[in-house]
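Here is query.txt, consisting of compact mmCIF, N, CA and C atoms:
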# COMPACT_ATOMS: atom_id res chain seq x y z
N MET A 67 80.13 7.56 20.52
CA MET A 67 78.82 7.99 20.90
C MET A 67 78.55 9.39 20.39
N ARG A 68 79.56 10.24 20.54
CA ARG A 68 79.40 11.61 20.09
C ARG A 68 79.24 11.67 18.58
N SER A 69 79.94 10.87 17.85
CA SER A 69 79.84 10.88 16.39
C SER A 69 78.49 10.35 15.92
N SER A 70 77.95 9.38 16.62
CA SER A 70 76.64 8.87 16.22
C SER A 70 75.55 9.89 16.49
N ILE A 71 75.67 10.66 17.58
CA ILE A 71 74.69 11.73 17.85
C ILE A 71 74.82 12.82 16.80
N THR A 72 76.05 13.16 16.42
CA THR A 72 76.27 14.17 15.40
C THR A 72 75.70 13.72 14.07
N ILE A 73 75.93 12.49 13.72
CA ILE A 73 75.40 11.95 12.47
C ILE A 73 73.87 11.94 12.52
N PHE A 74 73.31 11.57 13.67
CA PHE A 74 71.86 11.59 13.82
C PHE A 74 71.30 13.00 13.65
N LEU A 75 71.91 13.98 14.26
CA LEU A 75 71.44 15.37 14.15
C LEU A 75 71.58 15.89 12.72
N ILE A 76 72.69 15.56 12.06
CA ILE A 76 72.86 15.98 10.67
C ILE A 76 71.79 15.32 9.80
N GLY A 77 71.51 14.06 10.03
CA GLY A 77 70.45 13.37 9.29
C GLY A 77 69.09 13.96 9.56
N LEU A 78 68.86 14.32 10.82
CA LEU A 78 67.58 14.93 11.17
C LEU A 78 67.41 16.29 10.49
N VAL A 79 68.47 17.09 10.51
CA VAL A 79 68.40 18.42 9.87
C VAL A 79 68.23 18.27 8.36
N LEU A 80 69.02 17.41 7.75
CA LEU A 80 68.89 17.21 6.30
C LEU A 80 67.53 16.61 5.92
N GLY A 81 67.07 15.67 6.69
CA GLY A 81 65.77 15.04 6.42
C GLY A 81 64.63 16.03 6.54
N SER A 82 64.66 16.84 7.57
CA SER A 82 63.59 17.81 7.74
C SER A 82 63.65 18.89 6.66
N THR A 83 64.86 19.27 6.26
CA THR A 83 65.00 20.26 5.19
C THR A 83 64.46 19.71 3.89
N LEU A 84 64.82 18.49 3.58
CA LEU A 84 64.31 17.88 2.35
C LEU A 84 62.80 17.67 2.44
N GLY A 85 62.31 17.33 3.62
CA GLY A 85 60.87 17.14 3.80
C GLY A 85 60.11 18.44 3.59
N ILE A 86 60.64 19.52 4.15
CA ILE A 86 60.00 20.84 3.97
C ILE A 86 60.08 21.27 2.52
N GLY A 87 61.22 21.03 1.89
CA GLY A 87 61.35 21.37 0.47
C GLY A 87 60.40 20.56 -0.39
N GLY A 88 60.23 19.28 -0.05
CA GLY A 88 59.29 18.44 -0.79
C GLY A 88 57.86 18.91 -0.61
N LEU A 89 57.52 19.26 0.61
CA LEU A 89 56.17 19.80 0.85
C LEU A 89 55.96 21.09 0.06
N TRP A 90 56.98 21.92 0.03
CA TRP A 90 56.86 23.20 -0.68
C TRP A 90 56.61 22.97 -2.16
N THR A 91 57.39 22.08 -2.78
CA THR A 91 57.27 21.89 -4.22
C THR A 91 56.07 21.02 -4.60
N GLN A 92 55.68 20.09 -3.71
CA GLN A 92 54.60 19.17 -4.06
C GLN A 92 53.23 19.62 -3.59
N VAL A 93 53.17 20.48 -2.57
CA VAL A 93 51.87 20.85 -2.01
C VAL A 93 51.62 22.35 -2.11
N VAL A 94 52.53 23.14 -1.58
CA VAL A 94 52.27 24.58 -1.44
C VAL A 94 52.25 25.27 -2.80
N GLN A 95 53.23 25.05 -3.63
CA GLN A 95 53.27 25.74 -4.93
C GLN A 95 52.09 25.36 -5.84
N PRO A 96 51.73 24.08 -5.99
CA PRO A 96 50.55 23.77 -6.81
C PRO A 96 49.25 24.36 -6.23
N ALA A 97 49.13 24.34 -4.90
CA ALA A 97 47.93 24.92 -4.29
C ALA A 97 47.87 26.43 -4.54
N TYR A 98 49.01 27.09 -4.43
CA TYR A 98 49.05 28.54 -4.70
C TYR A 98 48.67 28.83 -6.15
N GLN A 99 49.14 28.03 -7.07
CA GLN A 99 48.82 28.23 -8.49
C GLN A 99 47.33 28.02 -8.74
N GLN A 100 46.75 27.00 -8.11
CA GLN A 100 45.31 26.76 -8.29
C GLN A 100 44.48 27.87 -7.68
N ILE A 101 44.88 28.38 -6.55
CA ILE A 101 44.16 29.50 -5.93
C ILE A 101 44.23 30.72 -6.82
N LYS A 102 45.38 30.97 -7.41
CA LYS A 102 45.53 32.12 -8.31
C LYS A 102 44.61 31.96 -9.53
N GLU A 103 44.56 30.76 -10.10
CA GLU A 103 43.69 30.52 -11.26
C GLU A 103 42.22 30.69 -10.90
N LEU A 104 41.83 30.22 -9.72
CA LEU A 104 40.45 30.37 -9.27
C LEU A 104 40.07 31.83 -9.06
N LYS A 105 41.01 32.61 -8.52
CA LYS A 105 40.74 34.04 -8.34
C LYS A 105 40.59 34.74 -9.69
N ASP A 106 41.41 34.35 -10.66
CA ASP A 106 41.28 34.93 -12.00
C ASP A 106 39.93 34.58 -12.61
N GLU A 107 39.52 33.31 -12.47
CA GLU A 107 38.23 32.89 -13.00
C GLU A 107 37.08 33.60 -12.28
N GLN A 108 37.23 33.81 -10.98
CA GLN A 108 36.20 34.49 -10.22
C GLN A 108 36.05 35.94 -10.71
N GLY A 109 37.17 36.58 -11.01
CA GLY A 109 37.11 37.94 -11.54
C GLY A 109 36.39 37.99 -12.88
N ILE A 110 36.67 37.01 -13.72
CA ILE A 110 36.01 36.94 -15.03
C ILE A 110 34.52 36.72 -14.85
N MET A 111 34.14 35.84 -13.92
CA MET A 111 32.72 35.56 -13.69
C MET A 111 32.01 36.77 -13.09
N ARG A 112 32.67 37.50 -12.21
CA ARG A 112 32.05 38.72 -11.65
C ARG A 112 31.81 39.74 -12.76
N GLU A 113 32.77 39.87 -13.65
CA GLU A 113 32.62 40.80 -14.76
C GLU A 113 31.47 40.37 -15.67
N ALA A 114 31.37 39.07 -15.92
CA ALA A 114 30.27 38.56 -16.75
C ALA A 114 28.92 38.79 -16.08
N LEU A 115 28.86 38.61 -14.75
CA LEU A 115 27.61 38.87 -14.03
C LEU A 115 27.23 40.34 -14.11
N SER A 116 28.22 41.22 -13.99
CA SER A 116 27.94 42.65 -14.08
C SER A 116 27.39 43.01 -15.46
N GLU A 117 28.02 42.50 -16.50
CA GLU A 117 27.57 42.80 -17.86
C GLU A 117 26.19 42.22 -18.13
N ALA A 118 25.93 41.01 -17.62
CA ALA A 118 24.62 40.40 -17.83
C ALA A 118 23.53 41.19 -17.11
N GLY A 119 23.80 41.63 -15.88
CA GLY A 119 22.83 42.44 -15.16
C GLY A 119 22.56 43.76 -15.85
N GLN A 120 23.61 44.39 -16.35
CA GLN A 120 23.45 45.66 -17.05
C GLN A 120 22.64 45.46 -18.33
N THR A 121 22.91 44.39 -19.05
CA THR A 121 22.17 44.11 -20.28
C THR A 121 20.69 43.84 -19.98
N LEU A 122 20.43 43.09 -18.92
CA LEU A 122 19.04 42.82 -18.54
C LEU A 122 18.30 44.11 -18.19
N ARG A 123 18.97 45.02 -17.48
CA ARG A 123 18.34 46.30 -17.14
C ARG A 123 18.07 47.14 -18.39
N GLU A 124 19.01 47.12 -19.34
CA GLU A 124 18.80 47.88 -20.58
C GLU A 124 17.63 47.33 -21.37
N VAL A 125 17.55 46.01 -21.46
CA VAL A 125 16.44 45.40 -22.21
C VAL A 125 15.11 45.68 -21.51
N ALA A 126 15.10 45.60 -20.18
CA ALA A 126 13.88 45.89 -19.43
C ALA A 126 13.46 47.35 -19.64
N GLY A 127 14.43 48.26 -19.64
CA GLY A 127 14.12 49.66 -19.88
C GLY A 127 13.56 49.89 -21.28
N SER A 128 14.11 49.21 -22.26
CA SER A 128 13.60 49.39 -23.62
C SER A 128 12.22 48.76 -23.77
N LEU A 129 11.94 47.69 -23.03
CA LEU A 129 10.61 47.10 -23.08
C LEU A 129 9.57 48.00 -22.42
N ARG A 130 9.96 48.69 -21.37
CA ARG A 130 9.03 49.59 -20.69
C ARG A 130 8.76 50.85 -21.50
N GLY A 131 9.73 51.25 -22.32
CA GLY A 131 9.56 52.44 -23.14
C GLY A 131 8.49 52.21 -24.19
N GLU A 132 7.97 53.29 -24.68
CA GLU A 132 6.94 53.19 -25.71
C GLU A 132 7.58 52.68 -26.99
N ALA A 133 7.01 51.63 -27.49
CA ALA A 133 7.50 51.07 -28.75
C ALA A 133 6.82 51.81 -29.89
N ALA A 134 7.59 52.10 -30.88
CA ALA A 134 7.02 52.76 -32.06
C ALA A 134 6.11 51.79 -32.78
N PRO A 135 4.97 52.27 -33.24
CA PRO A 135 4.07 51.36 -33.96
C PRO A 135 4.70 50.91 -35.26
N ALA A 136 4.25 49.77 -35.71
CA ALA A 136 4.79 49.23 -36.96
C ALA A 136 4.42 50.15 -38.10
N PRO A 137 5.33 50.39 -39.02
CA PRO A 137 5.01 51.28 -40.13
C PRO A 137 3.95 50.66 -41.03
N GLU A 138 3.15 51.52 -41.60
CA GLU A 138 2.13 51.05 -42.53
C GLU A 138 2.80 50.59 -43.81
N PRO A 139 2.30 49.55 -44.42
CA PRO A 139 2.91 49.09 -45.67
C PRO A 139 2.64 50.09 -46.79
N ILE A 140 3.56 50.14 -47.71
CA ILE A 140 3.42 51.02 -48.87
C ILE A 140 2.44 50.37 -49.83
N PRO A 141 1.39 51.08 -50.21
CA PRO A 141 0.43 50.47 -51.13
C PRO A 141 1.07 50.23 -52.50
N GLY A 142 0.55 49.22 -53.16
CA GLY A 142 1.06 48.91 -54.48
C GLY A 142 0.85 50.06 -55.45
N GLY A 143 1.84 50.37 -56.21
CA GLY A 143 1.77 51.44 -57.20
C GLY A 143 2.11 52.80 -56.64
N ALA A 144 2.42 52.93 -55.36
CA ALA A 144 2.73 54.23 -54.79
C ALA A 144 4.14 54.67 -55.18
N ILE A 145 5.06 53.74 -55.28
CA ILE A 145 6.43 54.09 -55.63
C ILE A 145 6.55 54.22 -57.15
N ALA A 146 6.06 53.24 -57.84
CA ALA A 146 6.11 53.27 -59.30
C ALA A 146 4.67 53.10 -59.80
N PRO A 147 4.31 53.77 -60.85
CA PRO A 147 2.95 53.61 -61.35
C PRO A 147 2.70 52.18 -61.79
N ARG A 148 1.47 51.79 -61.64
CA ARG A 148 1.10 50.42 -62.04
C ARG A 148 1.27 50.27 -63.54
N SER A 149 1.81 49.13 -63.85
CA SER A 149 1.94 48.80 -65.27
C SER A 149 1.71 47.30 -65.40
N SER A 150 1.93 46.81 -66.56
CA SER A 150 1.74 45.38 -66.75
C SER A 150 2.82 44.59 -66.02
N LEU A 151 3.93 45.24 -65.64
CA LEU A 151 5.00 44.56 -64.93
C LEU A 151 4.79 44.55 -63.42
N THR A 152 3.90 45.40 -62.92
CA THR A 152 3.64 45.46 -61.48
C THR A 152 2.39 44.65 -61.18
N PRO A 153 2.52 43.52 -60.51
CA PRO A 153 1.34 42.70 -60.24
C PRO A 153 0.50 43.32 -59.13
N GLU A 154 -0.75 43.00 -59.13
CA GLU A 154 -1.67 43.44 -58.09
C GLU A 154 -1.38 42.67 -56.80
N GLY A 155 -1.63 43.33 -55.71
CA GLY A 155 -1.54 42.64 -54.43
C GLY A 155 -0.12 42.40 -53.94
N THR A 156 0.84 43.20 -54.34
CA THR A 156 2.21 42.98 -53.87
C THR A 156 2.39 43.44 -52.44
N ALA A 157 1.60 44.42 -51.98
CA ALA A 157 1.72 44.90 -50.61
C ALA A 157 0.50 44.42 -49.83
N PRO A 158 0.68 44.08 -48.56
CA PRO A 158 -0.47 43.65 -47.78
C PRO A 158 -1.45 44.81 -47.57
N ARG A 159 -2.72 44.50 -47.55
CA ARG A 159 -3.75 45.53 -47.38
C ARG A 159 -3.82 46.02 -45.95
N THR A 160 -3.60 45.14 -44.98
CA THR A 160 -3.65 45.54 -43.57
C THR A 160 -2.39 45.05 -42.87
N THR A 161 -2.19 45.57 -41.70
CA THR A 161 -1.02 45.15 -40.91
C THR A 161 -1.43 44.24 -39.77
N GLU A 162 -2.57 43.57 -39.90
CA GLU A 162 -3.04 42.69 -38.83
C GLU A 162 -2.03 41.58 -38.54
N SER A 163 -1.40 41.05 -39.57
CA SER A 163 -0.42 39.98 -39.32
C SER A 163 0.78 40.52 -38.56
N LEU A 164 1.12 41.77 -38.79
CA LEU A 164 2.23 42.37 -38.04
C LEU A 164 1.82 42.68 -36.61
N ARG A 165 0.61 43.09 -36.39
CA ARG A 165 0.15 43.47 -35.05
C ARG A 165 -0.02 42.27 -34.14
N THR A 166 -0.32 41.12 -34.67
CA THR A 166 -0.53 39.95 -33.81
C THR A 166 0.78 39.49 -33.16
N THR A 167 1.91 39.78 -33.78
CA THR A 167 3.18 39.35 -33.20
C THR A 167 3.71 40.35 -32.18
N GLU A 168 3.16 41.55 -32.12
CA GLU A 168 3.63 42.54 -31.16
C GLU A 168 3.16 42.18 -29.76
N LEU A 169 3.93 42.57 -28.77
CA LEU A 169 3.55 42.32 -27.38
C LEU A 169 2.64 43.45 -26.90
N GLN A 170 1.70 43.10 -26.10
CA GLN A 170 0.82 44.09 -25.48
C GLN A 170 1.61 44.82 -24.41
N PRO A 171 1.21 46.05 -24.05
CA PRO A 171 1.94 46.80 -23.01
C PRO A 171 2.01 46.07 -21.68
N THR A 172 0.96 45.34 -21.31
CA THR A 172 1.02 44.61 -20.04
C THR A 172 2.03 43.48 -20.11
N ASP A 173 2.11 42.82 -21.29
CA ASP A 173 3.11 41.77 -21.47
C ASP A 173 4.51 42.35 -21.39
N ARG A 174 4.69 43.51 -21.99
CA ARG A 174 6.01 44.15 -21.97
C ARG A 174 6.43 44.47 -20.54
N ARG A 175 5.49 45.01 -19.76
CA ARG A 175 5.81 45.36 -18.37
C ARG A 175 6.12 44.11 -17.56
N ALA A 176 5.37 43.05 -17.78
CA ALA A 176 5.61 41.81 -17.04
C ALA A 176 6.98 41.23 -17.37
N ILE A 177 7.32 41.24 -18.64
CA ILE A 177 8.63 40.73 -19.05
C ILE A 177 9.74 41.63 -18.50
N ALA A 178 9.54 42.94 -18.53
CA ALA A 178 10.53 43.87 -18.00
C ALA A 178 10.71 43.67 -16.50
N ASP A 179 9.61 43.42 -15.77
CA ASP A 179 9.72 43.16 -14.33
C ASP A 179 10.50 41.88 -14.06
N LYS A 180 10.26 40.85 -14.87
CA LYS A 180 11.01 39.60 -14.70
C LYS A 180 12.50 39.82 -14.97
N LEU A 181 12.80 40.60 -16.00
CA LEU A 181 14.21 40.88 -16.32
C LEU A 181 14.88 41.66 -15.19
N ASP A 182 14.15 42.62 -14.62
CA ASP A 182 14.71 43.37 -13.49
C ASP A 182 14.94 42.46 -12.29
N ALA A 183 14.01 41.54 -12.05
CA ALA A 183 14.18 40.61 -10.93
C ALA A 183 15.42 39.74 -11.15
N LEU A 184 15.63 39.29 -12.39
CA LEU A 184 16.83 38.51 -12.68
C LEU A 184 18.10 39.33 -12.48
N ALA A 185 18.05 40.60 -12.87
CA ALA A 185 19.22 41.47 -12.68
C ALA A 185 19.53 41.64 -11.20
N VAL A 186 18.49 41.77 -10.37
CA VAL A 186 18.69 41.90 -8.92
C VAL A 186 19.29 40.61 -8.36
N LYS A 187 18.80 39.46 -8.84
CA LYS A 187 19.37 38.19 -8.39
C LYS A 187 20.85 38.09 -8.76
N LEU A 188 21.19 38.52 -9.96
CA LEU A 188 22.60 38.50 -10.36
C LEU A 188 23.43 39.40 -9.47
N ASP A 189 22.89 40.56 -9.11
CA ASP A 189 23.63 41.47 -8.23
C ASP A 189 23.83 40.87 -6.86
N THR A 190 22.81 40.20 -6.33
CA THR A 190 22.96 39.60 -5.00
C THR A 190 23.95 38.45 -5.02
N VAL A 191 23.94 37.66 -6.07
CA VAL A 191 24.91 36.56 -6.18
C VAL A 191 26.32 37.13 -6.28
N LYS A 192 26.46 38.20 -7.05
CA LYS A 192 27.78 38.81 -7.23
C LYS A 192 28.29 39.39 -5.92
N SER A 193 27.41 40.00 -5.13
CA SER A 193 27.85 40.62 -3.88
C SER A 193 28.09 39.60 -2.78
N GLU A 194 27.44 38.42 -2.84
CA GLU A 194 27.64 37.40 -1.82
C GLU A 194 29.01 36.76 -1.90
N LYS A 195 29.54 36.63 -3.06
CA LYS A 195 30.81 35.90 -3.24
C LYS A 195 31.99 36.77 -2.89
Could the structure of this file be written out as C-alpha cells, please?
Amino acid sequence: MRSSITIFLIGLVLGSTLGIGGLWTQVVQPAYQQIKELKDEQGIMREALSEAGQTLREVAGSLRGEAAPAPEPIPGGAIAPRSSLTPEGTAPRTTESLRTTELQPTDRRAIADKLDALAVKLDTVKSEK
C-alpha cells in the first residue's frame, strides 16, 4: 500500500512537472514572443504616425506661407539675338496657362486647415494607444 502511494505521488509530481513544462514551451513562450513582436510593431507605427503628423504640419505651414509668384517667361531673343536659327514664338507671351494651375490663397488655407486637422487626428490616435 505504501509503495503504491509513493508511486502515485511520484507520478503526480512528474506529471505535473511535465505538464507545467509543456505549458511553458507550448503556450507561454510563443505568447511572449508574439507580444514582443507586437510591441516592436507598435513602436514602429507610433514613429510613423509622428513623422506623418510632422510632415502634414510642415506642408500646411508652407501652404499658408506666401508663395512666390511664377517667374515671367524670358522673351524670345533676350538671351541670344534673333537669327534665322531662332524661331519666332519660342517663349509664351503670357503666363496665363501657368496661373490657372496655381491655387488661390483661400484654397491654400482650406487645404492647410484640412492637413492640420489630419495631423491632430494622428496625434490623438497616437496618444490613445
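Checking A:Arg112, A:Lys105, A:Arg174, A:Lys187 one by one against A:Gly131, counting only N, CA and C atoms, you find the shortest gap at A:Arg174.
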>> So the first atom is atom CA of A:Ala126 and the second is atom CA of A:Thr172; what is the distance between them in Å, to one decimal place?
In response: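 Rounded to one decimal, the two atoms are 12.9 Å apart.
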> Could you name the residues that touch A:Ser116 at 8 Å or less, counting only N, CA and C atoms, but leaving out those on the same chain fewer than 5 positions away, as a PyMOL selection string?
Replying inline: chain A and resi 110-111+121-122+188-189+192
